[in-house]
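Participant: Coordinates in model_3.txt, compact mmCIF, C-alpha atoms, are listed below.
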# COMPACT_ATOMS: atom_id res chain seq x y z
CA MET A 837 -18.17 3.59 -20.64
CA SER A 838 -17.04 7.07 -19.64
CA LEU A 839 -15.49 8.01 -16.30
CA LYS A 840 -18.78 9.75 -15.55
CA ASP A 841 -20.63 6.48 -16.24
CA VAL A 842 -18.19 4.64 -13.95
CA GLN A 843 -18.97 7.07 -11.15
CA LYS A 844 -22.70 6.91 -11.86
CA GLN A 845 -22.84 3.10 -11.88
CA VAL A 846 -20.94 2.95 -8.60
CA ASP A 847 -23.28 5.55 -7.11
CA ASN A 848 -26.35 3.58 -8.21
CA TRP A 849 -24.91 0.47 -6.62
CA VAL A 850 -24.06 2.16 -3.31
CA LYS A 851 -27.39 4.00 -3.11
CA GLN A 852 -29.29 0.68 -3.06
CA TYR A 853 -28.01 0.03 0.44
CA THR A 854 -28.85 1.63 3.76
CA MET A 855 -25.17 1.85 4.65
CA GLY A 856 -24.23 4.38 1.96
CA TYR A 857 -20.61 5.37 1.40
CA TRP A 858 -18.06 4.24 3.94
CA GLU A 859 -15.98 6.70 5.92
CA PRO A 860 -12.91 8.03 4.07
CA LEU A 861 -10.35 6.02 6.05
CA GLU A 862 -12.47 2.88 5.62
CA MET A 863 -12.44 3.36 1.85
CA LEU A 864 -8.70 3.92 2.01
CA ALA A 865 -8.22 0.65 3.90
CA ARG A 866 -10.26 -1.04 1.18
CA LEU A 867 -8.04 0.46 -1.52
CA VAL A 868 -4.99 -0.88 0.35
CA GLU A 869 -6.57 -4.35 0.44
CA GLU A 870 -7.18 -4.23 -3.31
CA THR A 871 -3.67 -2.94 -3.99
CA GLY A 872 -2.32 -5.80 -1.89
CA GLU A 873 -4.29 -8.31 -3.94
CA LEU A 874 -2.93 -6.80 -7.14
CA ALA A 875 0.60 -7.04 -5.67
CA ARG A 876 0.06 -10.74 -4.98
CA GLU A 877 -1.02 -11.32 -8.59
CA PHE A 878 2.00 -9.37 -9.84
CA ASN A 879 4.39 -11.49 -7.78
CA HIS A 880 2.66 -14.66 -9.00
CA ARG A 881 3.13 -13.64 -12.62
CA PHE A 882 6.21 -11.45 -12.70
CA GLY A 883 7.98 -12.19 -9.42
CA PRO A 884 9.86 -15.01 -7.72
CA LYS A 885 6.93 -17.35 -7.42
CA ARG A 886 5.78 -17.28 -11.02
CA LYS A 887 3.16 -19.90 -10.38
CA LYS A 888 0.74 -18.46 -12.86
CA ASP A 889 0.65 -18.18 -16.58
CA ARG A 890 1.48 -14.66 -17.68
CA GLU A 891 -1.11 -15.01 -20.40
CA ASP A 892 -4.02 -15.53 -18.01
CA LYS A 893 -4.90 -11.95 -17.26
CA LYS A 894 -8.34 -12.37 -15.74
CA GLU A 895 -7.30 -11.89 -12.11
CA LEU A 896 -5.05 -8.96 -12.94
CA ALA A 897 -7.94 -7.30 -14.77
CA ASP A 898 -10.28 -8.00 -11.84
CA GLU A 899 -7.93 -6.41 -9.33
CA MET A 900 -7.42 -3.34 -11.52
CA ALA A 901 -11.19 -2.93 -11.87
CA ASP A 902 -11.59 -3.26 -8.07
CA ILE A 903 -9.12 -0.40 -7.65
CA ILE A 904 -11.09 1.75 -10.11
CA PHE A 905 -14.30 0.85 -8.27
CA THR A 906 -12.84 1.92 -4.92
CA VAL A 907 -11.42 5.15 -6.31
CA ALA A 908 -14.84 5.90 -7.82
CA CYS A 909 -16.43 5.34 -4.38
CA MET A 910 -13.98 7.81 -2.85
CA ALA A 911 -14.54 10.35 -5.59
CA ASN A 912 -18.34 10.09 -5.37
CA SER A 913 -18.42 10.50 -1.61
CA MET A 914 -16.16 13.57 -1.85
CA ASP A 915 -17.93 15.06 -4.85
CA ILE A 916 -14.84 14.78 -7.07
CA ASP A 917 -15.14 14.62 -10.86
CA LEU A 918 -12.63 11.98 -12.01
CA ASN A 919 -12.94 13.03 -15.63
CA GLU A 920 -11.86 16.57 -14.81
CA ALA A 921 -9.12 15.30 -12.48
CA PHE A 922 -7.78 12.90 -15.09
CA GLU A 923 -7.68 15.60 -17.76
CA LYS A 924 -5.66 17.83 -15.43
CA THR A 925 -3.29 14.97 -14.72
CA MET A 926 -2.72 14.37 -18.42
CA ASP A 927 -2.00 18.09 -18.81
CA LYS A 928 0.48 17.87 -15.92
CA TYR A 929 2.23 14.86 -17.42
CA ASN A 930 2.31 16.45 -20.85
CA SER A 931 3.93 19.62 -19.55
CA ARG A 932 5.92 18.61 -16.47
CA ASP A 933 7.38 15.44 -17.84
CA GLY A 934 8.04 16.81 -21.29
CA ASP A 935 11.73 17.02 -20.42
CA ARG A 936 12.05 14.25 -17.91
CA TRP A 937 12.36 11.30 -20.26
CA GLU A 938 14.12 10.93 -23.56
CA LYS A 939 11.76 11.46 -26.48
CA LYS A 940 11.75 9.25 -29.54
CA MET B 1063 -13.82 10.61 -21.56
CA SER B 1064 -14.34 6.87 -21.77
CA LEU B 1065 -12.12 4.26 -20.12
CA LYS B 1066 -10.92 3.44 -23.63
CA ASP B 1067 -9.95 7.11 -24.11
CA VAL B 1068 -8.12 7.05 -20.76
CA GLN B 1069 -6.09 4.05 -21.91
CA LYS B 1070 -5.49 5.62 -25.34
CA GLN B 1071 -4.31 8.96 -23.93
CA VAL B 1072 -1.92 7.19 -21.57
CA ASP B 1073 -0.63 5.07 -24.43
CA ASN B 1074 -0.03 8.14 -26.60
CA TRP B 1075 1.89 9.75 -23.78
CA VAL B 1076 4.07 6.72 -23.09
CA LYS B 1077 4.74 6.04 -26.76
CA GLN B 1078 6.41 9.45 -27.11
CA TYR B 1079 9.34 8.25 -25.07
CA THR B 1080 12.10 5.79 -25.86
CA MET B 1081 11.65 4.13 -22.47
CA GLY B 1082 8.18 2.71 -23.15
CA TYR B 1083 6.22 1.02 -20.40
CA TRP B 1084 8.02 0.21 -17.18
CA GLU B 1085 8.39 -3.33 -15.93
CA PRO B 1086 5.36 -4.69 -14.04
CA LEU B 1087 6.93 -4.50 -10.57
CA GLU B 1088 8.17 -0.97 -11.29
CA MET B 1089 4.62 0.11 -12.16
CA LEU B 1090 3.39 -1.58 -9.00
CA ALA B 1091 5.94 0.35 -6.92
CA ARG B 1092 4.65 3.53 -8.56
CA LEU B 1093 1.06 2.63 -7.68
CA VAL B 1094 2.18 2.12 -4.07
CA GLU B 1095 3.82 5.57 -4.09
CA GLU B 1096 0.61 7.14 -5.37
CA THR B 1097 -1.53 5.24 -2.86
CA GLY B 1098 0.80 6.47 -0.12
CA GLU B 1099 0.34 10.07 -1.28
CA LEU B 1100 -3.43 9.61 -1.24
CA ALA B 1101 -3.16 8.17 2.30
CA ARG B 1102 -1.26 11.27 3.42
CA GLU B 1103 -3.97 13.52 2.00
CA PHE B 1104 -6.65 11.43 3.71
CA ASN B 1105 -4.93 11.72 7.07
CA HIS B 1106 -4.51 15.48 6.57
CA ARG B 1107 -8.23 15.90 5.89
CA PHE B 1108 -9.95 13.11 7.78
CA GLY B 1109 -7.34 11.90 10.27
CA PRO B 1110 -5.56 13.11 13.40
CA LYS B 1111 -3.64 15.90 11.75
CA ARG B 1112 -6.53 17.62 10.02
CA LYS B 1113 -4.34 20.43 8.85
CA LYS B 1114 -6.24 20.89 5.65
CA ASP B 1115 -9.62 22.17 4.75
CA ARG B 1116 -11.94 19.31 3.90
CA GLU B 1117 -13.45 21.49 1.20
CA ASP B 1118 -10.20 21.85 -0.75
CA LYS B 1119 -10.34 18.72 -2.84
CA LYS B 1120 -7.74 19.51 -5.47
CA GLU B 1121 -4.95 17.33 -4.06
CA LEU B 1122 -7.30 14.44 -3.35
CA ALA B 1123 -8.53 14.61 -6.96
CA ASP B 1124 -4.92 14.75 -8.23
CA GLU B 1125 -3.91 11.65 -6.29
CA MET B 1126 -6.97 9.73 -7.48
CA ALA B 1127 -6.19 10.66 -11.08
CA ASP B 1128 -2.55 9.54 -10.60
CA ILE B 1129 -3.84 6.16 -9.45
CA ILE B 1130 -6.06 5.86 -12.52
CA PHE B 1131 -3.11 6.89 -14.71
CA THR B 1132 -0.90 4.18 -13.20
CA VAL B 1133 -3.58 1.51 -13.47
CA ALA B 1134 -4.06 2.50 -17.13
CA CYS B 1135 -0.29 2.08 -17.69
CA MET B 1136 -0.44 -1.40 -16.19
CA ALA B 1137 -3.50 -2.35 -18.23
CA ASN B 1138 -2.01 -1.05 -21.48
CA SER B 1139 1.27 -2.89 -21.03
CA MET B 1140 -0.59 -6.12 -20.26
CA ASP B 1141 -3.18 -5.68 -23.00
CA ILE B 1142 -6.07 -5.49 -20.53
CA ASP B 1143 -9.33 -3.75 -21.45
CA LEU B 1144 -10.37 -1.76 -18.36
CA ASN B 1145 -13.84 -1.13 -19.73
CA GLU B 1146 -14.52 -4.86 -20.01
CA ALA B 1147 -12.91 -5.51 -16.62
CA PHE B 1148 -14.97 -2.81 -14.93
CA GLU B 1149 -18.21 -4.10 -16.42
CA LYS B 1150 -17.44 -7.57 -15.05
CA THR B 1151 -16.69 -6.09 -11.66
CA MET B 1152 -20.02 -4.28 -11.60
CA ASP B 1153 -21.73 -7.56 -12.51
CA LYS B 1154 -19.87 -9.27 -9.66
CA TYR B 1155 -20.85 -6.60 -7.16
CA ASN B 1156 -24.43 -6.62 -8.36
CA SER B 1157 -24.75 -10.37 -7.95
CA ARG B 1158 -22.31 -11.34 -5.17
CA ASP B 1159 -23.06 -8.50 -2.85
CA GLY B 1160 -26.79 -8.53 -3.43
CA ASP B 1161 -27.26 -10.15 -0.03
CA ARG B 1162 -24.28 -8.86 1.82
CA TRP B 1163 -25.59 -5.46 2.81
CA GLU B 1164 -29.00 -4.33 3.94
CA LYS B 1165 -31.03 -2.91 1.08
CA LYS B 1166 -33.10 0.21 1.39
CA MET C 1135 14.50 -10.98 20.92
CA SER C 1136 16.57 -8.05 19.68
CA LEU C 1137 16.25 -6.46 16.24
CA LYS C 1138 19.62 -8.06 15.48
CA ASP C 1139 18.16 -11.45 16.43
CA VAL C 1140 15.15 -10.78 14.19
CA GLN C 1141 17.47 -10.09 11.26
CA LYS C 1142 19.63 -13.12 12.09
CA GLN C 1143 16.68 -15.52 12.35
CA VAL C 1144 15.32 -14.30 9.02
CA ASP C 1145 18.76 -14.70 7.46
CA ASN C 1146 19.09 -18.25 8.77
CA TRP C 1147 15.70 -19.08 7.33
CA VAL C 1148 16.44 -17.60 3.90
CA LYS C 1149 19.92 -19.13 3.69
CA GLN C 1150 18.42 -22.64 3.90
CA TYR C 1151 17.02 -22.24 0.42
CA THR C 1152 18.70 -22.14 -2.97
CA MET C 1153 16.62 -19.14 -4.00
CA GLY C 1154 18.13 -16.70 -1.50
CA TYR C 1155 16.74 -13.20 -1.11
CA TRP C 1156 14.21 -12.02 -3.65
CA GLU C 1157 14.85 -9.00 -5.82
CA PRO C 1158 14.08 -5.64 -4.18
CA LEU C 1159 10.87 -4.95 -6.11
CA GLU C 1160 9.67 -8.50 -5.43
CA MET C 1161 10.16 -7.95 -1.68
CA LEU C 1162 8.33 -4.65 -2.00
CA ALA C 1163 5.39 -6.37 -3.70
CA ARG C 1164 5.36 -8.84 -0.82
CA LEU C 1165 5.29 -6.01 1.72
CA VAL C 1166 2.32 -4.51 -0.15
CA GLU C 1167 0.51 -7.87 0.01
CA GLU C 1168 1.10 -8.05 3.77
CA THR C 1169 0.02 -4.44 4.28
CA GLY C 1170 -3.13 -5.24 2.31
CA GLU C 1171 -3.87 -8.19 4.57
CA LEU C 1172 -3.41 -5.99 7.62
CA ALA C 1173 -5.78 -3.43 6.07
CA ARG C 1174 -8.42 -6.14 5.63
CA GLU C 1175 -8.10 -7.13 9.28
CA PHE C 1176 -8.35 -3.47 10.33
CA ASN C 1177 -11.55 -2.98 8.33
CA HIS C 1178 -12.98 -6.20 9.80
CA ARG C 1179 -12.35 -5.00 13.33
CA PHE C 1180 -12.48 -1.23 13.18
CA GLY C 1181 -14.25 -0.46 9.90
CA PRO C 1182 -17.66 -0.78 8.32
CA LYS C 1183 -17.76 -4.55 8.26
CA ARG C 1184 -16.86 -5.17 11.88
CA LYS C 1185 -17.40 -8.88 11.49
CA LYS C 1186 -14.71 -9.78 13.95
CA ASP C 1187 -14.31 -9.47 17.65
CA ARG C 1188 -11.99 -6.61 18.49
CA GLU C 1189 -10.62 -8.72 21.32
CA ASP C 1190 -9.33 -11.48 19.04
CA LYS C 1191 -5.99 -10.05 18.11
CA LYS C 1192 -4.28 -13.14 16.71
CA GLU C 1193 -4.63 -12.25 13.02
CA LEU C 1194 -3.65 -8.63 13.60
CA ALA C 1195 -0.53 -9.80 15.42
CA ASP C 1196 0.25 -12.27 12.61
CA GLU C 1197 0.02 -9.59 9.94
CA MET C 1198 2.21 -7.20 11.92
CA ALA C 1199 4.84 -9.93 12.35
CA ASP C 1200 4.70 -10.68 8.60
CA ILE C 1201 5.45 -7.01 7.94
CA ILE C 1202 8.43 -7.12 10.31
CA PHE C 1203 9.61 -10.33 8.63
CA THR C 1204 9.46 -8.73 5.17
CA VAL C 1205 11.21 -5.55 6.33
CA ALA C 1206 13.93 -7.73 7.88
CA CYS C 1207 14.35 -9.54 4.53
CA MET C 1208 14.79 -6.20 2.77
CA ALA C 1209 17.22 -4.93 5.38
CA ASN C 1210 19.31 -8.12 5.28
CA SER C 1211 19.57 -8.18 1.51
CA MET C 1212 20.64 -4.51 1.50
CA ASP C 1213 22.99 -4.82 4.46
CA ILE C 1214 20.97 -2.41 6.59
CA ASP C 1215 21.15 -2.51 10.39
CA LEU C 1216 17.55 -2.04 11.62
CA ASN C 1217 18.68 -1.42 15.19
CA GLU C 1218 20.81 1.53 14.12
CA ALA C 1219 18.07 2.78 11.78
CA PHE C 1220 15.42 2.57 14.49
CA GLU C 1221 17.60 4.45 16.99
CA LYS C 1222 18.07 7.25 14.47
CA THR C 1223 14.33 7.36 13.87
CA MET C 1224 13.62 7.67 17.58
CA ASP C 1225 16.16 10.51 17.73
CA LYS C 1226 14.41 12.18 14.78
CA TYR C 1227 10.99 11.84 16.40
CA ASN C 1228 12.31 13.10 19.72
CA SER C 1229 13.82 16.21 18.19
CA ARG C 1230 11.72 16.99 15.10
CA ASP C 1231 8.34 16.35 16.62
CA GLY C 1232 9.14 17.94 19.95
CA ASP C 1233 7.00 20.91 19.00
CA ARG C 1234 4.54 19.36 16.64
CA TRP C 1235 2.09 17.94 19.15
CA GLU C 1236 0.81 19.29 22.42
CA LYS C 1237 2.75 17.90 25.37
CA LYS C 1238 1.11 16.77 28.55
CA MET D 972 17.49 -3.21 21.28
CA SER D 973 14.81 -5.88 21.73
CA LEU D 974 11.36 -5.79 20.18
CA LYS D 975 10.06 -5.11 23.70
CA ASP D 976 12.41 -2.11 23.92
CA VAL D 977 11.16 -0.90 20.53
CA GLN D 978 7.58 -1.02 21.79
CA LYS D 979 8.56 0.62 25.10
CA GLN D 980 10.46 3.48 23.45
CA VAL D 981 7.54 4.16 21.13
CA ASP D 982 5.15 4.09 24.08
CA ASN D 983 7.29 6.53 26.04
CA TRP D 984 7.33 8.87 23.07
CA VAL D 985 3.56 8.73 22.49
CA LYS D 986 2.74 9.08 26.18
CA GLN D 987 4.45 12.49 26.28
CA TYR D 988 1.66 13.96 24.22
CA THR D 989 -1.95 14.71 25.07
CA MET D 990 -3.11 13.15 21.82
CA GLY D 991 -2.09 9.59 22.66
CA TYR D 992 -2.35 6.82 20.09
CA TRP D 993 -4.19 7.56 16.88
CA GLU D 994 -7.26 5.63 15.84
CA PRO D 995 -6.55 2.29 14.12
CA LEU D 996 -7.47 3.44 10.60
CA GLU D 997 -5.40 6.60 11.07
CA MET D 998 -2.36 4.49 11.98
CA LEU D 999 -3.05 2.30 8.97
CA ALA D 1000 -3.11 5.36 6.69
CA ARG D 1001 0.23 6.36 8.19
CA LEU D 1002 1.67 2.91 7.46
CA VAL D 1003 0.48 3.27 3.86
CA GLU D 1004 2.23 6.66 3.62
CA GLU D 1005 5.47 5.14 4.90
CA THR D 1006 5.17 2.13 2.58
CA GLY D 1007 4.66 4.55 -0.30
CA GLU D 1008 7.82 6.44 0.64
CA LEU D 1009 9.74 3.17 0.74
CA ALA D 1010 8.33 2.30 -2.70
CA ARG D 1011 9.61 5.61 -4.08
CA GLU D 1012 13.09 4.91 -2.71
CA PHE D 1013 12.99 1.40 -4.20
CA ASN D 1014 12.08 2.74 -7.63
CA HIS D 1015 14.82 5.38 -7.36
CA ARG D 1016 17.43 2.73 -6.62
CA PHE D 1017 16.20 -0.44 -8.27
CA GLY D 1018 13.59 0.74 -10.76
CA PRO D 1019 13.36 2.68 -14.00
CA LYS D 1020 14.46 6.00 -12.59
CA ARG D 1021 17.64 4.85 -10.89
CA LYS D 1022 18.58 8.37 -9.95
CA LYS D 1023 20.20 7.34 -6.73
CA ASP D 1024 23.31 5.47 -5.82
CA ARG D 1025 22.45 1.96 -4.70
CA GLU D 1026 25.19 2.24 -2.10
CA ASP D 1027 23.57 5.15 -0.28
CA LYS D 1028 21.23 3.30 1.98
CA LYS D 1029 20.35 6.01 4.49
CA GLU D 1030 16.89 6.82 3.13
CA LEU D 1031 16.00 3.16 2.67
CA ALA D 1032 16.98 2.51 6.28
CA ASP D 1033 14.97 5.53 7.44
CA GLU D 1034 11.83 4.34 5.67
CA MET D 1035 12.18 0.82 7.06
CA ALA D 1036 12.56 2.22 10.57
CA ASP D 1037 9.46 4.40 10.06
CA ILE D 1038 7.51 1.27 9.16
CA ILE D 1039 8.72 -0.49 12.32
CA PHE D 1040 7.81 2.62 14.34
CA THR D 1041 4.26 2.65 12.93
CA VAL D 1042 3.78 -1.10 13.44
CA ALA D 1043 4.97 -0.65 17.05
CA CYS D 1044 2.37 2.13 17.52
CA MET D 1045 -0.36 -0.19 16.25
CA ALA D 1046 0.83 -3.07 18.42
CA ASN D 1047 1.04 -0.91 21.55
CA SER D 1048 -2.42 0.57 21.11
CA MET D 1049 -3.88 -2.92 20.60
CA ASP D 1050 -1.88 -4.54 23.39
CA ILE D 1051 -0.05 -6.86 21.00
CA ASP D 1052 3.34 -8.35 21.91
CA LEU D 1053 5.45 -8.17 18.73
CA ASN D 1054 8.11 -10.45 20.18
CA GLU D 1055 5.58 -13.23 20.70
CA ALA D 1056 3.98 -12.56 17.29
CA PHE D 1057 7.32 -12.66 15.51
CA GLU D 1058 8.31 -15.93 17.19
CA LYS D 1059 5.05 -17.49 16.02
CA THR D 1060 5.66 -16.22 12.51
CA MET D 1061 9.13 -17.76 12.44
CA ASP D 1062 7.60 -21.05 13.62
CA LYS D 1063 5.01 -20.79 10.83
CA TYR D 1064 7.66 -20.11 8.19
CA ASN D 1065 9.86 -22.90 9.50
CA SER D 1066 7.05 -25.44 9.33
CA ARG D 1067 4.74 -24.27 6.54
CA ASP D 1068 7.38 -23.28 4.07
CA GLY D 1069 9.65 -26.21 4.78
CA ASP D 1070 8.54 -27.80 1.53
CA ARG D 1071 7.67 -24.76 -0.51
CA TRP D 1072 11.13 -23.79 -1.69
CA GLU D 1073 14.06 -25.90 -2.78
CA LYS D 1074 16.52 -26.46 0.05
CA LYS D 1075 20.25 -26.24 -0.39
Can you give me the file's structure in the form of structure tokens?
Facilitator:
Amino acid sequence: MSLKDVQKQVDNWVKQYTMGYWEPLEMLARLVEETGELAREFNHRFGPKRKKDREDKKELADEMADIIFTVACMANSMDIDLNEAFEKTMDKYNSRDGDRWEKK
Amino acid sequence: MSLKDVQKQVDNWVKQYTMGYWEPLEMLARLVEETGELAREFNHRFGPKRKKDREDKKELADEMADIIFTVACMANSMDIDLNEAFEKTMDKYNSRDGDRWEKK
Amino acid sequence: MSLKDVQKQVDNWVKQYTMGYWEPLEMLARLVEETGELAREFNHRFGPKRKKDREDKKELADEMADIIFTVACMANSMDIDLNEAFEKTMDKYNSRDGDRWEKK
Amino acid sequence: MSLKDVQKQVDNWVKQYTMGYWEPLEMLARLVEETGELAREFNHRFGPKRKKDREDKKELADEMADIIFTVACMANSMDIDLNEAFEKTMDKYNSRDGDRWEKK
């Protein structure tokens, strides 16, 4: 599935409903919720609680996908092309951080 | 670019460096930084400050791409397939939320 | 209760346990969890879901107190005096932002 | 300075301006900004970058105070008493978590 498909699937899902896209700050609050849920999973697996098996990755994967879903909602409602944005970010990392870390 | 390509490009970038992937909680802290930068942009465009033109979407797009980059780092280091995870999330939304919102 | 009392009560609570203070990035992940829970409450009361009565403030108050608790844990473990830090912040706001907003 | 003084000082500062308190989701976005700045400082001191001296705590203290400031703004605008909320939270921790961790 391409980033364009991700955005398209999210758009199809949202467009089924009368509500449409949420307001920007509402979507942001949702992203913060999802990030908080990911943080809880991280502390359960890698932090002081360590109640969960590090091998069971289902909930981690779910929370990551929820973050991508929410970012795709934001991008759609603001007419942002995530594919183009991601390519620019890779260019930035490849140039800007070329000297920042020690290369192999 | 597919979600698999996103993960592959991030992996190629990280693998150049001796450092490799950060520890899970370090990647989480990075995600929180990036989410904070997105929040600042949202408040500048949609919040009380409104210092920036809502039409200039470059910085919003950059911050969204940085979030996707960081999530791809997490997924790679934990051997999570974002494509599979996203498809499951869409299934969940399509079934679970079928009744939650008013359909058109 | 003063900010010093807040820090002292948190310290007394932590010192009961063999575990002691968590590592910095573990406390940060906890703060992100708590901020996420506050975000959920905000969206329930002020966002698109609005499932909850805006007058029932108990959960909002709980989440805010959890944030203060976590910040006090961080401050204690890093030997930071929140009272002194807050006074400096008020000084900063009083000087720096003197011109930023329109005065009455 | 007591938690009541913290709330009062913040209220005095806000009341100087014509703008008054921000909308709830705007304050939340601000809290996310501040949490992101704290996360950056944590990664600089305790994470993979470690560019900064762990002994220099000024910026950490500043970010923690900014979080308390923002939480006090939220509480004031929603007529929440942080002192009362914090006391309830300490009661909750003292009872609920009495068995969760190993006591000394």
Participant: Under the rule that only C-alpha atoms are counted, which of D:Gln978, D:Asn983, D:Asn1047, D:Asn1054 is the nearest residue to chain C?
Facilitator: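 Among the listed residues, the smallest separation from chain C belongs to D:Asn1054.
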Participant: Within 12 Å of chain C, which residues of chain A are there when counting only C-alpha atoms? Please give them as a PyMOL selection string.
Facilitator: chain A and resi 855-886
Participant: So what do you get for atom CA of Lys844 of chain A versus atom CA of Asp917 of chain A, distance-wise?
Facilitator: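 Interatomic distance, atom CA of Lys844 of chain A to atom CA of Asp917 of chain A: 10.8 Å.
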Participant: Mind giving me the straight-line distance from atom CA of Leu974 of chain D to atom CA of Trp1072 of chain D in Å, one decimal?
Facilitator: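 Straight-line distance from atom CA of Leu974 of chain D to atom CA of Trp1072 of chain D works out to 28.3 Å.
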Participant: Mind pulling up the distance from atom CA of Gln980 of chain D to atom CA of Met1208 of chain C?
Facilitator: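 Value for the atom CA of Met1208 of chain C-atom CA of Gln980 of chain D distance: 23.2 Å.
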Participant: Within 12 Å of (4.1, -18.7, 18.0), all atoms listed in the file: residues as a ChimeraX atom specification?
Facilitator: /C:1192-1193,1195-1196,1199 /D:1052-1066
Participant: Could you complete segment 864-877 of chain A so that it carries N, CA and C atoms, and give it back as a PDB file, keeping the file's coordinate frame?
Facilitator:
ATOM      1  N   LEU A 864     -10.146   4.013   2.228  1.00  0.00           N
ATOM      2  CA  LEU A 864      -8.700   3.920   2.010  1.00  0.00           C
ATOM      3  C   LEU A 864      -8.189   2.522   2.366  1.00  0.00           C
ATOM      4  N   ALA A 865      -8.645   1.998   3.501  1.00  0.00           N
ATOM      5  CA  ALA A 865      -8.220   0.650   3.900  1.00  0.00           C
ATOM      6  C   ALA A 865      -8.644  -0.366   2.825  1.00  0.00           C
ATOM      7  N   ARG A 866      -9.818  -0.161   2.250  1.00  0.00           N
ATOM      8  CA  ARG A 866     -10.260  -1.040   1.180  1.00  0.00           C
ATOM      9  C   ARG A 866      -9.348  -0.947  -0.045  1.00  0.00           C
ATOM     10  N   LEU A 867      -8.954   0.269  -0.389  1.00  0.00           N
ATOM     11  CA  LEU A 867      -8.040   0.460  -1.520  1.00  0.00           C
ATOM     12  C   LEU A 867      -6.706  -0.258  -1.257  1.00  0.00           C
ATOM     13  N   VAL A 868      -6.258  -0.223  -0.007  1.00  0.00           N
ATOM     14  CA  VAL A 868      -4.990  -0.880   0.350  1.00  0.00           C
ATOM     15  C   VAL A 868      -5.130  -2.402   0.242  1.00  0.00           C
ATOM     16  N   GLU A 869      -6.278  -2.928   0.656  1.00  0.00           N
ATOM     17  CA  GLU A 869      -6.570  -4.350   0.440  1.00  0.00           C
ATOM     18  C   GLU A 869      -6.468  -4.712  -1.035  1.00  0.00           C
ATOM     19  N   GLU A 870      -7.132  -3.938  -1.878  1.00  0.00           N
ATOM     20  CA  GLU A 870      -7.180  -4.230  -3.310  1.00  0.00           C
ATOM     21  C   GLU A 870      -5.781  -4.109  -3.933  1.00  0.00           C
ATOM     22  N   THR A 871      -5.034  -3.104  -3.481  1.00  0.00           N
ATOM     23  CA  THR A 871      -3.670  -2.940  -3.990  1.00  0.00           C
ATOM     24  C   THR A 871      -2.807  -4.123  -3.573  1.00  0.00           C
ATOM     25  N   GLY A 872      -3.040  -4.617  -2.361  1.00  0.00           N
ATOM     26  CA  GLY A 872      -2.320  -5.800  -1.890  1.00  0.00           C
ATOM     27  C   GLY A 872      -2.649  -7.039  -2.719  1.00  0.00           C
ATOM     28  N   GLU A 873      -3.909  -7.156  -3.112  1.00  0.00           N
ATOM     29  CA  GLU A 873      -4.290  -8.310  -3.940  1.00  0.00           C
ATOM     30  C   GLU A 873      -3.666  -8.207  -5.337  1.00  0.00           C
ATOM     31  N   LEU A 874      -3.605  -6.992  -5.850  1.00  0.00           N
ATOM     32  CA  LEU A 874      -2.930  -6.800  -7.140  1.00  0.00           C
ATOM     33  C   LEU A 874      -1.435  -7.149  -7.003  1.00  0.00           C
ATOM     34  N   ALA A 875      -0.826  -6.748  -5.897  1.00  0.00           N
ATOM     35  CA  ALA A 875       0.600  -7.040  -5.670  1.00  0.00           C
ATOM     36  C   ALA A 875       0.840  -8.552  -5.641  1.00  0.00           C
ATOM     37  N   ARG A 876      -0.076  -9.277  -5.007  1.00  0.00           N
ATOM     38  CA  ARG A 876       0.060 -10.740  -4.980  1.00  0.00           C
ATOM     39  C   ARG A 876       0.028 -11.313  -6.404  1.00  0.00           C
ATOM     40  N   GLU A 877      -0.927 -10.845  -7.205  1.00  0.00           N
ATOM     41  CA  GLU A 877      -1.020 -11.320  -8.590  1.00  0.00           C
ATOM     42  C   GLU A 877       0.247 -10.972  -9.378  1.00  0.00           C
TER      43      GLU A 877
END
